[in-house]
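Everything below belongs to input_32.cif, which stores mmCIF, C-alpha atoms.
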data_my_file
loop_
_atom_site.label_atom_id
_atom_site.label_comp_id
_atom_site.auth_asym_id
_atom_site.auth_seq_id
_atom_site.Cartn_x
_atom_site.Cartn_y
_atom_site.Cartn_z
CA MET A 1 60.49 11.63 -48.66
CA THR A 2 57.07 13.17 -47.92
CA THR A 3 54.09 11.74 -46.13
CA SER A 4 51.88 9.64 -48.47
CA LEU A 5 49.16 11.42 -50.44
CA ALA A 6 46.48 9.48 -48.56
CA LYS A 7 47.74 10.66 -45.17
CA ARG A 8 48.11 14.22 -46.43
CA CYS A 9 44.51 14.13 -47.65
CA VAL A 10 43.37 12.92 -44.23
CA ALA A 11 45.24 15.88 -42.71
CA GLU A 12 43.50 18.27 -45.14
CA LEU A 13 40.15 16.71 -44.28
CA ILE A 14 40.76 17.16 -40.55
CA GLY A 15 42.02 20.73 -40.96
CA THR A 16 39.02 21.81 -43.02
CA PHE A 17 36.73 19.99 -40.61
CA LEU A 18 38.15 22.06 -37.72
CA LEU A 19 37.80 25.29 -39.68
CA VAL A 20 34.14 24.70 -40.54
CA PHE A 21 33.09 23.09 -37.26
CA PHE A 22 34.46 25.88 -35.07
CA GLY A 23 34.23 28.81 -37.48
CA ALA A 24 30.89 28.26 -39.18
CA GLY A 25 29.76 26.75 -35.88
CA ALA A 26 30.40 30.08 -34.14
CA ALA A 27 28.21 31.84 -36.71
CA THR A 28 25.49 29.23 -36.22
CA VAL A 29 25.51 29.61 -32.44
CA THR A 30 25.38 33.41 -32.70
CA LEU A 31 22.26 33.13 -34.88
CA MET A 32 20.73 30.64 -32.44
CA LEU A 33 21.47 32.97 -29.52
CA SER A 34 19.80 35.93 -31.20
CA ALA A 35 16.80 33.94 -32.47
CA GLY A 36 13.52 35.73 -31.83
CA GLU A 37 15.10 39.14 -31.32
CA GLU A 38 13.83 41.91 -33.57
CA PRO A 39 16.65 43.13 -35.83
CA LEU A 40 16.94 46.89 -36.21
CA THR A 41 17.47 46.76 -39.98
CA ASP A 42 17.21 44.28 -42.85
CA PHE A 43 21.00 44.30 -42.94
CA ASN A 44 21.07 42.64 -39.51
CA ILE A 45 20.25 38.93 -39.60
CA GLY A 46 21.07 38.37 -35.95
CA ILE A 47 24.86 38.41 -36.04
CA GLY A 48 25.59 41.91 -34.80
CA TYR A 49 22.60 41.98 -32.50
CA PHE A 50 24.71 41.62 -29.34
CA GLY A 51 27.68 43.83 -30.04
CA GLY A 52 27.72 45.05 -33.62
CA LEU A 53 31.07 44.28 -35.23
CA ALA A 54 32.15 42.59 -31.99
CA ASP A 55 29.91 39.67 -32.95
CA TRP A 56 31.80 39.37 -36.19
CA LEU A 57 35.14 39.72 -34.38
CA ALA A 58 34.15 36.82 -32.12
CA ILE A 59 33.19 34.69 -35.13
CA GLY A 60 36.37 35.77 -36.91
CA LEU A 61 38.47 34.78 -33.92
CA ALA A 62 36.76 31.38 -33.76
CA PHE A 63 37.77 30.89 -37.41
CA GLY A 64 41.23 32.35 -36.86
CA ILE A 65 42.07 30.27 -33.81
CA ALA A 66 40.85 27.08 -35.49
CA ILE A 67 42.93 27.93 -38.58
CA ALA A 68 46.02 28.68 -36.48
CA GLY A 69 45.57 25.39 -34.63
CA ALA A 70 45.18 23.48 -37.90
CA ILE A 71 48.28 25.12 -39.38
CA TYR A 72 50.45 24.37 -36.35
CA ALA A 73 49.08 20.84 -35.95
CA LEU A 74 48.94 19.75 -39.60
CA GLY A 75 51.09 22.20 -41.57
CA ARG A 76 54.11 19.90 -41.73
CA ILE A 77 52.01 16.92 -42.81
CA SER A 78 49.89 18.25 -45.68
CA GLY A 79 50.71 21.94 -45.79
CA ALA A 80 47.34 22.67 -44.14
CA HIS A 81 45.87 24.53 -47.12
CA ILE A 82 42.35 23.72 -45.82
CA ASN A 83 41.08 25.90 -48.67
CA PRO A 84 40.76 24.98 -52.38
CA ALA A 85 41.59 28.58 -53.35
CA VAL A 86 44.97 28.29 -51.61
CA THR A 87 45.65 24.89 -53.21
CA ILE A 88 44.78 26.24 -56.67
CA ALA A 89 46.89 29.38 -56.21
CA LEU A 90 49.95 27.34 -55.17
CA TRP A 91 49.36 24.97 -58.09
CA ALA A 92 48.96 27.86 -60.56
CA THR A 93 52.41 29.13 -59.65
CA LYS A 94 53.92 25.62 -59.97
CA ARG A 95 54.50 25.30 -56.25
CA PHE A 96 52.13 22.36 -55.87
CA PRO A 97 51.92 19.24 -58.08
CA THR A 98 48.97 18.89 -60.46
CA SER A 99 48.40 15.27 -59.41
CA ASP A 100 47.69 16.31 -55.80
CA VAL A 101 45.25 19.16 -56.52
CA GLY A 102 42.14 17.01 -57.07
CA PRO A 103 42.64 14.75 -54.03
CA TYR A 104 43.36 17.77 -51.80
CA ILE A 105 40.21 19.62 -52.89
CA ILE A 106 38.04 16.51 -52.50
CA ALA A 107 39.44 15.96 -48.99
CA GLN A 108 38.76 19.60 -48.09
CA LEU A 109 35.16 19.37 -49.33
CA ILE A 110 34.55 16.12 -47.43
CA GLY A 111 36.02 17.61 -44.25
CA ALA A 112 33.80 20.68 -44.55
CA ALA A 113 30.68 18.57 -45.19
CA LEU A 114 31.43 16.29 -42.24
CA ALA A 115 31.90 19.32 -40.01
CA SER A 116 28.48 20.72 -40.89
CA ILE A 117 26.75 17.39 -40.44
CA LEU A 118 28.47 16.70 -37.11
CA PHE A 119 27.71 20.23 -35.91
CA PHE A 120 24.06 19.46 -36.61
CA GLY A 121 24.59 16.21 -34.69
CA CYS A 122 25.83 18.21 -31.69
CA THR A 123 23.16 20.91 -31.69
CA GLY A 124 20.03 19.56 -33.34
CA PRO A 125 17.57 20.98 -35.90
CA ASP A 126 17.88 24.62 -34.73
CA ALA A 127 21.42 24.65 -36.12
CA VAL A 128 19.89 24.18 -39.58
CA LEU A 129 16.52 25.93 -39.22
CA ILE A 130 17.81 28.99 -37.33
CA GLY A 131 21.57 28.97 -37.83
CA GLY A 132 21.64 27.68 -41.40
CA LEU A 133 24.80 25.82 -40.30
CA GLY A 134 26.65 29.11 -40.70
CA ALA A 135 26.12 29.17 -44.47
CA THR A 136 27.41 32.23 -46.29
CA ALA A 137 25.19 34.37 -48.54
CA PRO A 138 25.13 38.00 -49.64
CA PHE A 139 23.40 40.22 -47.10
CA HIS A 140 20.37 42.40 -47.82
CA GLY A 141 21.19 44.93 -50.53
CA ILE A 142 24.42 43.26 -51.63
CA SER A 143 24.44 42.25 -55.29
CA TYR A 144 25.96 39.10 -56.74
CA THR A 145 28.82 41.09 -58.25
CA GLU A 146 29.50 43.01 -55.05
CA ALA A 147 29.62 39.72 -53.15
CA ILE A 148 32.14 38.26 -55.62
CA LEU A 149 34.23 41.42 -55.35
CA VAL A 150 34.34 41.44 -51.55
CA GLU A 151 35.17 37.72 -51.42
CA ALA A 152 37.97 38.28 -53.95
CA ILE A 153 39.41 41.20 -51.96
CA GLY A 154 39.25 39.27 -48.69
CA THR A 155 40.94 36.22 -50.16
CA PHE A 156 43.48 38.46 -51.87
CA LEU A 157 44.62 39.69 -48.45
CA LEU A 158 44.61 36.16 -47.02
CA MET A 159 46.75 34.78 -49.87
CA LEU A 160 49.09 37.77 -49.81
CA VAL A 161 49.74 37.14 -46.11
CA ILE A 162 50.28 33.41 -46.73
CA MET A 163 52.86 34.32 -49.39
CA GLY A 164 54.59 36.84 -47.14
CA VAL A 165 54.70 34.93 -43.86
CA ALA A 166 54.94 31.34 -45.08
CA VAL A 167 55.90 30.81 -48.72
CA ASP A 168 58.63 33.45 -48.90
CA LYS A 169 61.87 31.88 -47.71
CA ARG A 170 62.80 35.15 -45.97
CA ALA A 171 59.75 34.96 -43.70
CA PRO A 172 60.42 34.55 -39.98
CA GLU A 173 59.76 30.98 -38.85
CA GLY A 174 56.96 30.03 -36.50
CA PHE A 175 54.60 32.96 -37.01
CA ALA A 176 52.57 31.76 -40.00
CA GLY A 177 49.71 30.12 -38.11
CA LEU A 178 49.25 32.99 -35.70
CA ILE A 179 49.41 35.76 -38.30
CA ILE A 180 47.22 33.96 -40.84
CA GLY A 181 44.64 33.19 -38.17
CA LEU A 182 44.54 36.81 -37.04
CA THR A 183 44.33 37.99 -40.66
CA VAL A 184 41.28 35.81 -41.25
CA ALA A 185 39.71 37.15 -38.05
CA GLY A 186 40.27 40.70 -39.27
CA ILE A 187 38.86 40.04 -42.72
CA ILE A 188 35.76 38.40 -41.26
CA THR A 189 35.24 41.29 -38.83
CA THR A 190 35.08 43.78 -41.70
CA THR A 191 33.46 41.80 -44.49
CA GLY A 192 31.38 39.23 -42.59
CA ASN A 193 28.22 41.31 -42.80
CA ILE A 194 28.62 41.87 -46.54
CA ALA A 195 28.74 38.39 -48.02
CA GLY A 196 29.61 36.15 -45.07
CA SER A 197 33.37 36.37 -45.61
CA SER A 198 33.87 32.79 -46.70
CA LEU A 199 37.25 33.24 -48.45
CA ASN A 200 37.11 29.51 -49.06
CA PRO A 201 34.90 27.42 -51.38
CA ALA A 202 35.09 24.42 -49.01
CA ARG A 203 33.94 26.52 -46.03
CA THR A 204 30.80 27.43 -48.01
CA PHE A 205 30.30 23.98 -49.51
CA GLY A 206 30.02 22.21 -46.14
CA PRO A 207 27.11 24.24 -44.73
CA TYR A 208 25.38 24.33 -48.16
CA LEU A 209 25.46 20.54 -48.43
CA GLY A 210 24.45 20.22 -44.78
CA ASN A 211 21.42 22.42 -45.37
CA THR A 212 20.43 20.40 -48.44
CA LEU A 213 20.72 17.08 -46.63
CA LEU A 214 19.18 18.17 -43.34
CA GLY A 215 16.15 20.10 -44.52
CA GLY A 216 17.51 23.62 -44.45
CA GLN A 217 17.35 26.46 -46.92
CA ASN A 218 18.63 26.02 -50.48
CA PHE A 219 21.63 28.33 -50.91
CA TRP A 220 23.21 26.79 -54.02
CA GLU A 221 22.39 29.76 -56.28
CA PHE A 222 25.05 31.68 -54.34
CA PHE A 223 27.76 29.02 -54.58
CA PRO A 224 29.47 30.52 -57.68
CA ILE A 225 30.19 33.65 -55.59
CA TYR A 226 32.31 31.58 -53.22
CA ILE A 227 34.13 29.78 -56.01
CA ILE A 228 34.85 32.73 -58.30
CA GLY A 229 35.65 35.33 -55.63
CA PRO A 230 38.11 33.37 -53.47
CA ILE A 231 39.92 31.71 -56.39
CA ALA A 232 40.25 35.00 -58.30
CA GLY A 233 41.51 36.81 -55.20
CA ALA A 234 44.03 34.09 -54.36
CA LEU A 235 45.33 33.95 -57.95
CA ILE A 236 45.77 37.72 -58.16
CA ALA A 237 47.60 37.73 -54.82
CA VAL A 238 49.98 34.91 -55.66
CA PHE A 239 50.95 36.28 -59.07
CA LEU A 240 51.24 39.82 -57.74
CA TYR A 241 53.47 38.67 -54.88
CA ASP A 242 55.73 36.81 -57.30
CA TRP A 243 55.94 39.91 -59.47
CA LEU A 244 56.65 42.19 -56.52
CA THR A 245 59.46 39.95 -55.29
CA SER A 246 60.99 39.16 -58.69
CA GLU A 247 64.43 40.58 -59.51
CA MET B 1 93.25 18.37 -26.97
CA LYS B 2 92.88 15.42 -24.62
CA CYS B 3 89.84 13.35 -23.72
CA TYR B 4 88.29 14.79 -20.56
CA ILE B 5 86.74 11.51 -19.41
CA CYS B 6 90.02 9.64 -19.81
CA ALA B 7 91.89 12.42 -18.02
CA GLU B 8 89.52 12.07 -15.05
CA LYS B 9 90.49 8.41 -14.88
CA GLY B 10 94.19 9.24 -15.06
CA LYS B 11 94.56 8.13 -18.67
CA ASP B 12 96.04 10.25 -21.39
CA SER B 13 94.22 9.91 -24.73
CA ASP B 14 93.86 12.32 -27.58
CA ALA B 15 90.40 13.78 -28.24
CA VAL B 16 88.95 13.01 -31.65
CA ALA B 17 85.72 15.01 -31.23
CA ILE B 18 84.11 17.79 -29.23
CA CYS B 19 80.71 17.46 -27.56
CA ILE B 20 78.32 19.79 -29.40
CA VAL B 21 76.54 20.65 -26.14
CA CYS B 22 79.24 21.27 -23.53
CA GLY B 23 82.41 21.44 -25.64
CA MET B 24 84.15 18.58 -23.86
CA GLY B 25 86.93 16.87 -25.83
CA VAL B 26 86.31 13.12 -26.12
CA CYS B 27 88.27 10.19 -27.49
CA MET B 28 86.82 7.66 -29.91
CA GLU B 29 85.82 5.40 -27.04
CA HIS B 30 83.81 8.10 -25.26
CA ALA B 31 82.32 9.92 -28.23
CA LYS B 32 78.61 9.24 -28.63
CA ARG B 33 77.54 9.74 -32.22
CA GLU B 34 73.86 10.13 -33.11
CA GLU B 35 72.08 10.83 -36.36
CA LEU B 36 69.27 13.36 -36.37
CA GLU B 37 66.54 13.28 -38.99
CA ASN B 38 66.74 16.22 -41.35
CA TRP B 39 63.43 17.76 -42.46
CA GLU B 40 62.89 20.49 -45.01
CA GLY B 41 59.89 22.74 -45.63
CA GLY B 42 56.57 22.98 -43.80
CA TYR B 43 53.45 25.11 -44.03
CA PRO B 44 52.03 25.63 -46.67
CA PHE B 45 53.90 22.67 -48.13
CA PRO B 46 54.28 19.17 -46.72
CA ALA B 47 57.59 18.80 -44.89
CA LYS B 48 60.10 16.50 -46.63
CA LYS B 49 62.44 14.15 -44.80
CA LEU B 50 65.81 14.45 -46.49
CA LYS B 51 67.83 11.34 -47.32
CA GLN B 52 70.87 12.40 -45.35
CA ASN B 53 70.68 12.63 -41.58
CA ILE B 54 72.71 15.15 -39.59
CA PRO B 55 75.39 13.59 -37.36
CA ARG B 56 75.74 14.91 -33.80
CA ILE B 57 78.52 14.00 -31.37
CA LEU B 58 77.96 14.16 -27.63
CA CYS B 59 80.07 13.34 -24.55
CA PRO B 60 78.74 10.59 -22.25
CA PRO B 61 77.28 12.99 -19.58
CA CYS B 62 75.36 15.05 -22.16
CA TYR B 63 74.23 11.88 -23.95
CA GLU B 64 72.86 10.52 -20.68
CA ALA B 65 71.19 13.83 -19.84
CA PHE B 66 69.35 13.77 -23.16
CA HIS B 67 68.27 10.16 -22.83
CA THR B 68 67.08 10.04 -19.21
#
Written form, C-alpha cells:
Amino acid sequence: MTTSLAKRCVAELIGTFLLVFFGAGAATVTLMLSAGEEPLTDFNIGIGYFGGLADWLAIGLAFGIAIAGAIYALGRISGAHINPAVTIALWATKRFPTSDVGPYIIAQLIGAALASILFFGCTGPDAVLIGGLGATAPFHGISYTEAILVEAIGTFLLMLVIMGVAVDKRAPEGFAGLIIGLTVAGIITTTGNIAGSSLNPARTFGPYLGNTLLGGQNFWEFFPIYIIGPIAGALIAVFLYDWLTSE
Amino acid sequence: MKCYICAEKGKDSDAVAICIVCGMGVCMEHAKREELENWEGGYPFPAKKLKQNIPRILCPPCYEAFHT
C-alpha cells in the first residue's frame, strides 16, 4: 500500500517549492546584493561579483541543501523527484507508472510557480526587476546549442548519481539526499555561469512564469533549452546506467 | 530454557520465546508480542507498506522500557 496519488503530488509540490524558493531565491538575492555594481565583463551579470565561483558555490549549496532536505523529508512519501526530468527518466525505464507522470509534473510546476510568486511576496519588486526571480538563461556569448549541451551534461551527472546512490539496490542506505544535494551544488558551481545550471524544467518554469505575471523580463524563448537539455541528459544517464550494470 | 520472570517469583515454567532485546527467556504469560509495520522502498520511489507486519517478542521489562 502506497500513499495516495493526491498526497504524493502534494509532497512533490512542496519539494519543488522548497527547491525553487531557496535555490532560485539565493540567485535572486545575490543579484539584488550586487545591484548597481559595475561588472568587469559582459559575462558577469552580478553573480560572481563578490567572490567569483564562490558566489555560485553559495547558490549551489542553497539548492543542494534544500534538495537534501526535501529528499529526507519527502522521499518516502512521493519519491521526492522534484524534477520532471527525473520523473520522465524513471518512467522511461519502466520504474515509474505512466498514470502518475502527468500529475507529478503538474505538481512540480505548480510548486515551482508558487515558490517564485511567494519569493516575490517576501522581497518585493526588486526580486523581479533586479533578480529576475533567479530565472535561468544562457550567459553572454553562450549559444542556444551550447546551453542545451551544458544543461544535458549537468543533468546527466545528476541522474547518474541518483541511479548510483538511490535506485541501485546495492547503494548504501541513508546517503542519497546528502550526496545528491552536494552533486547539484557542484554542478551549479561549475556550470551556473554558462546557462544558469537549471537541470530541471520545473526550476526554470517557476521563475519564468513569475516574471511574466509580475512584470519582469520575458524569458520564454529560452524555455526549450531547459526542457530538452535536462530531459536528454537524464535519459542518457538512466539508460547508460542500466547498460553498465546489466549482466 | 525456563522463564526468567517466573523463576524470580519461585515458579518453574518453560520459556516459549526469547526477548529480542535482552535475550531473556519468557513463558507464554510473560511474552509481549508486538507487530511492527513493514515498509519497502523509499527515495526516489514512494515507500510501500507491505501487507504483512513483522512480529517482535519482548520481555515485560524491555516492553515497559520501550513504552515509557
May I have a table of the residues of region 74-107 of chain A lying at most 7 Å from region 195-211 of chain A, giving each one's closest pair of atoms and their distance in Å to one decimal, counting only C-alpha atoms, ordered by chain and ascending residue number, as JSON lines?
{"residue": "A:Asn83", "atom": "CA", "partner": "A:Asn200", "partner_atom": "CA", "distance": 5.4}
{"residue": "A:Pro84", "atom": "CA", "partner": "A:Pro201", "partner_atom": "CA", "distance": 6.4}
{"residue": "A:Ala85", "atom": "CA", "partner": "A:Asn200", "partner_atom": "CA", "distance": 6.3}
Spatial sel., origin (75.6, 11.5, -24.7), limit 9 Å, all atoms listed in the file, listed as a ChimeraX atom specification:
/B:19,30-34,57-67
May I have the protein, DNA and RNA residues with an atom at most 8 Å from (52.4, 28.9, -38.8), counting only C-alpha atoms in the file's coordinates, returned as a PyMOL selection string?
(chain A and resi 68+71-72+75+166+173-180) or (chain B and resi 43)
Would you write out those residues with C-alpha atoms, as a compact mmCIF listing (two decimals), in the frame of the given file?
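Result written to again-v3.txt:
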# COMPACT_ATOMS: atom_id res chain seq x y z
CA ALA A 68 46.02 28.68 -36.48
CA ILE A 71 48.28 25.12 -39.38
CA TYR A 72 50.45 24.37 -36.35
CA GLY A 75 51.09 22.20 -41.57
CA ALA A 166 54.94 31.34 -45.08
CA GLU A 173 59.76 30.98 -38.85
CA GLY A 174 56.96 30.03 -36.50
CA PHE A 175 54.60 32.96 -37.01
CA ALA A 176 52.57 31.76 -40.00
CA GLY A 177 49.71 30.12 -38.11
CA LEU A 178 49.25 32.99 -35.70
CA ILE A 179 49.41 35.76 -38.30
CA ILE A 180 47.22 33.96 -40.84
CA TYR B 43 53.45 25.11 -44.03
Record the distance separating CA of Ala58 (chain A) and CA of Thr30 (chain A), expressed in Å with one decimal.
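Separating CA of Ala58 (chain A) from CA of Thr30 (chain A) is a distance of 9.4 Å.
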Could you list the residues chosen by the PyMOL selection byres ((chain A) within 8 of (chain B)) in this structure as number ranges by chain?
A: 1-3, 8, 71, 75-81, 96, 162, 166-167, 176
What does the file look like for those residues with C-alpha atoms, as a PDB file, keeping the file's coordinate frame?
ATOM      1  CA  MET A   1      60.490  11.630 -48.660  1.00  0.00           C
ATOM      2  CA  THR A   2      57.070  13.170 -47.920  1.00  0.00           C
ATOM      3  CA  THR A   3      54.090  11.740 -46.130  1.00  0.00           C
ATOM      4  CA  ARG A   8      48.110  14.220 -46.430  1.00  0.00           C
ATOM      5  CA  ILE A  71      48.280  25.120 -39.380  1.00  0.00           C
ATOM      6  CA  GLY A  75      51.090  22.200 -41.570  1.00  0.00           C
ATOM      7  CA  ARG A  76      54.110  19.900 -41.730  1.00  0.00           C
ATOM      8  CA  ILE A  77      52.010  16.920 -42.810  1.00  0.00           C
ATOM      9  CA  SER A  78      49.890  18.250 -45.680  1.00  0.00           C
ATOM     10  CA  GLY A  79      50.710  21.940 -45.790  1.00  0.00           C
ATOM     11  CA  ALA A  80      47.340  22.670 -44.140  1.00  0.00           C
ATOM     12  CA  HIS A  81      45.870  24.530 -47.120  1.00  0.00           C
ATOM     13  CA  PHE A  96      52.130  22.360 -55.870  1.00  0.00           C
ATOM     14  CA  ILE A 162      50.280  33.410 -46.730  1.00  0.00           C
ATOM     15  CA  ALA A 166      54.940  31.340 -45.080  1.00  0.00           C
ATOM     16  CA  VAL A 167      55.900  30.810 -48.720  1.00  0.00           C
ATOM     17  CA  ALA A 176      52.570  31.760 -40.000  1.00  0.00           C
TER      18      ALA A 176
END
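Checking A:Pro224, A:Pro138, A:Gly15, A:Gly132 one by one against Ala107 (chain A), counting all atoms listed in the file, you find the shortest gap at A:Gly15.
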Please write the residues picked by the PyMOL selection byres ((chain A and resi 33) around 10) on this file as number ranges by chain.
A: 27-32, 34-37, 46-47, 49-50, 130-131
The PyMOL selection byres ((chain A and resi 26) around 12) applied to the shown file, residues as an MDAnalysis selection string:
chainID A and resid 18:25 27:33 47 55:66 116 119 123 127 131:135
Quick one: pull the distance between CA of Leu53 (chain A) and CA of Ile228 (chain A), Å, one decimal.
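That distance, rounded to one decimal, is 26.1 Å.
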Calculate, to one decimal in Å, the centre and edge lengths of the box along x, y and z of the file that holds all listed atoms of region 7-12 of chain A with 5 Å of margin on each side, and present them as AutoDock Vina command-line options.
--center_x 45.7 --center_y 14.5 --center_z -45.2 --size_x 14.7 --size_y 17.6 --size_z 14.9
Quick check, in Å to one decimal: how far apart do CA of Ala112 (chain A) and CA of Thr16 (chain A) lie?
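We find that CA of Ala112 (chain A) and CA of Thr16 (chain A) lie 5.6 Å from each other.
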Go through A:Leu158, A:Val101, A:Ala11, A:Leu129 and flag the residue nearest Thr183 (chain A), using only C-alpha atoms for the distances.
A:Leu158
One residue among A:Ile110, A:Ala147, A:Ile153, A:Ile194 is nearest to Ile82 (chain A) when using only C-alpha atoms, and that residue is A:Ile110
I need the residue nearest Ala73 (chain A) from this list: A:Tyr104, A:Gly111, A:Glu12, A:Ile88. Use all atoms listed in the file for the distance.
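Of the candidates, the smallest distance to Ala73 (chain A) is held by A:Glu12.
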Restricting the calculation to only C-alpha atoms, which member of A:Phe120, A:Phe17, A:Trp91, A:Phe219 is positioned closest to Ala70 (chain A)?
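Nearest candidate to Ala70 (chain A) out of A:Phe120, A:Phe17, A:Trp91, A:Phe219: A:Phe17.
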Have region 48-64 of chain B completed to N, CA and C atoms, please, and pass it along as a CSV table (one decimal), in the coordinates of the input.
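The result, stored in part24.csv:
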chain,number,residue,atom,x,y,z
B,48,LYS,N,59.4,17.6,-46.0
B,48,LYS,CA,60.1,16.5,-46.6
B,48,LYS,C,61.2,16.0,-45.7
B,49,LYS,N,61.3,14.7,-45.5
B,49,LYS,CA,62.4,14.2,-44.8
B,49,LYS,C,63.6,13.9,-45.8
B,50,LEU,N,64.7,14.6,-45.6
B,50,LEU,CA,65.8,14.4,-46.5
B,50,LEU,C,66.5,13.1,-46.3
B,51,LYS,N,67.2,12.7,-47.4
B,51,LYS,CA,67.8,11.3,-47.3
B,51,LYS,C,68.9,11.3,-46.3
B,52,GLN,N,69.7,12.4,-46.2
B,52,GLN,CA,70.9,12.4,-45.4
B,52,GLN,C,70.5,12.9,-44.0
B,53,ASN,N,70.9,12.2,-42.9
B,53,ASN,CA,70.7,12.6,-41.6
B,53,ASN,C,71.8,13.6,-41.2
B,54,ILE,N,71.6,14.3,-40.1
B,54,ILE,CA,72.7,15.2,-39.6
B,54,ILE,C,73.4,14.5,-38.4
B,55,PRO,N,74.7,14.2,-38.5
B,55,PRO,CA,75.4,13.6,-37.4
B,55,PRO,C,75.6,14.6,-36.2
B,56,ARG,N,75.5,14.1,-35.0
B,56,ARG,CA,75.7,14.9,-33.8
B,56,ARG,C,76.6,14.1,-32.8
B,57,ILE,N,77.7,14.7,-32.3
B,57,ILE,CA,78.5,14.0,-31.4
B,57,ILE,C,78.4,14.6,-30.0
B,58,LEU,N,78.2,13.7,-29.0
B,58,LEU,CA,78.0,14.2,-27.6
B,58,LEU,C,79.0,13.4,-26.7
B,59,CYS,N,79.3,14.0,-25.6
B,59,CYS,CA,80.1,13.3,-24.6
B,59,CYS,C,79.1,12.4,-23.8
B,60,PRO,N,79.6,11.5,-23.0
B,60,PRO,CA,78.7,10.6,-22.2
B,60,PRO,C,77.8,11.3,-21.3
B,61,PRO,N,78.2,12.3,-20.5
B,61,PRO,CA,77.3,13.0,-19.6
B,61,PRO,C,76.1,13.7,-20.3
B,62,CYS,N,76.4,14.4,-21.4
B,62,CYS,CA,75.4,15.0,-22.2
B,62,CYS,C,74.4,14.0,-22.8
B,63,TYR,N,75.0,12.9,-23.3
B,63,TYR,CA,74.2,11.9,-24.0
B,63,TYR,C,73.2,11.3,-22.9
B,64,GLU,N,73.7,11.1,-21.7
B,64,GLU,CA,72.9,10.5,-20.7
B,64,GLU,C,71.8,11.5,-20.3
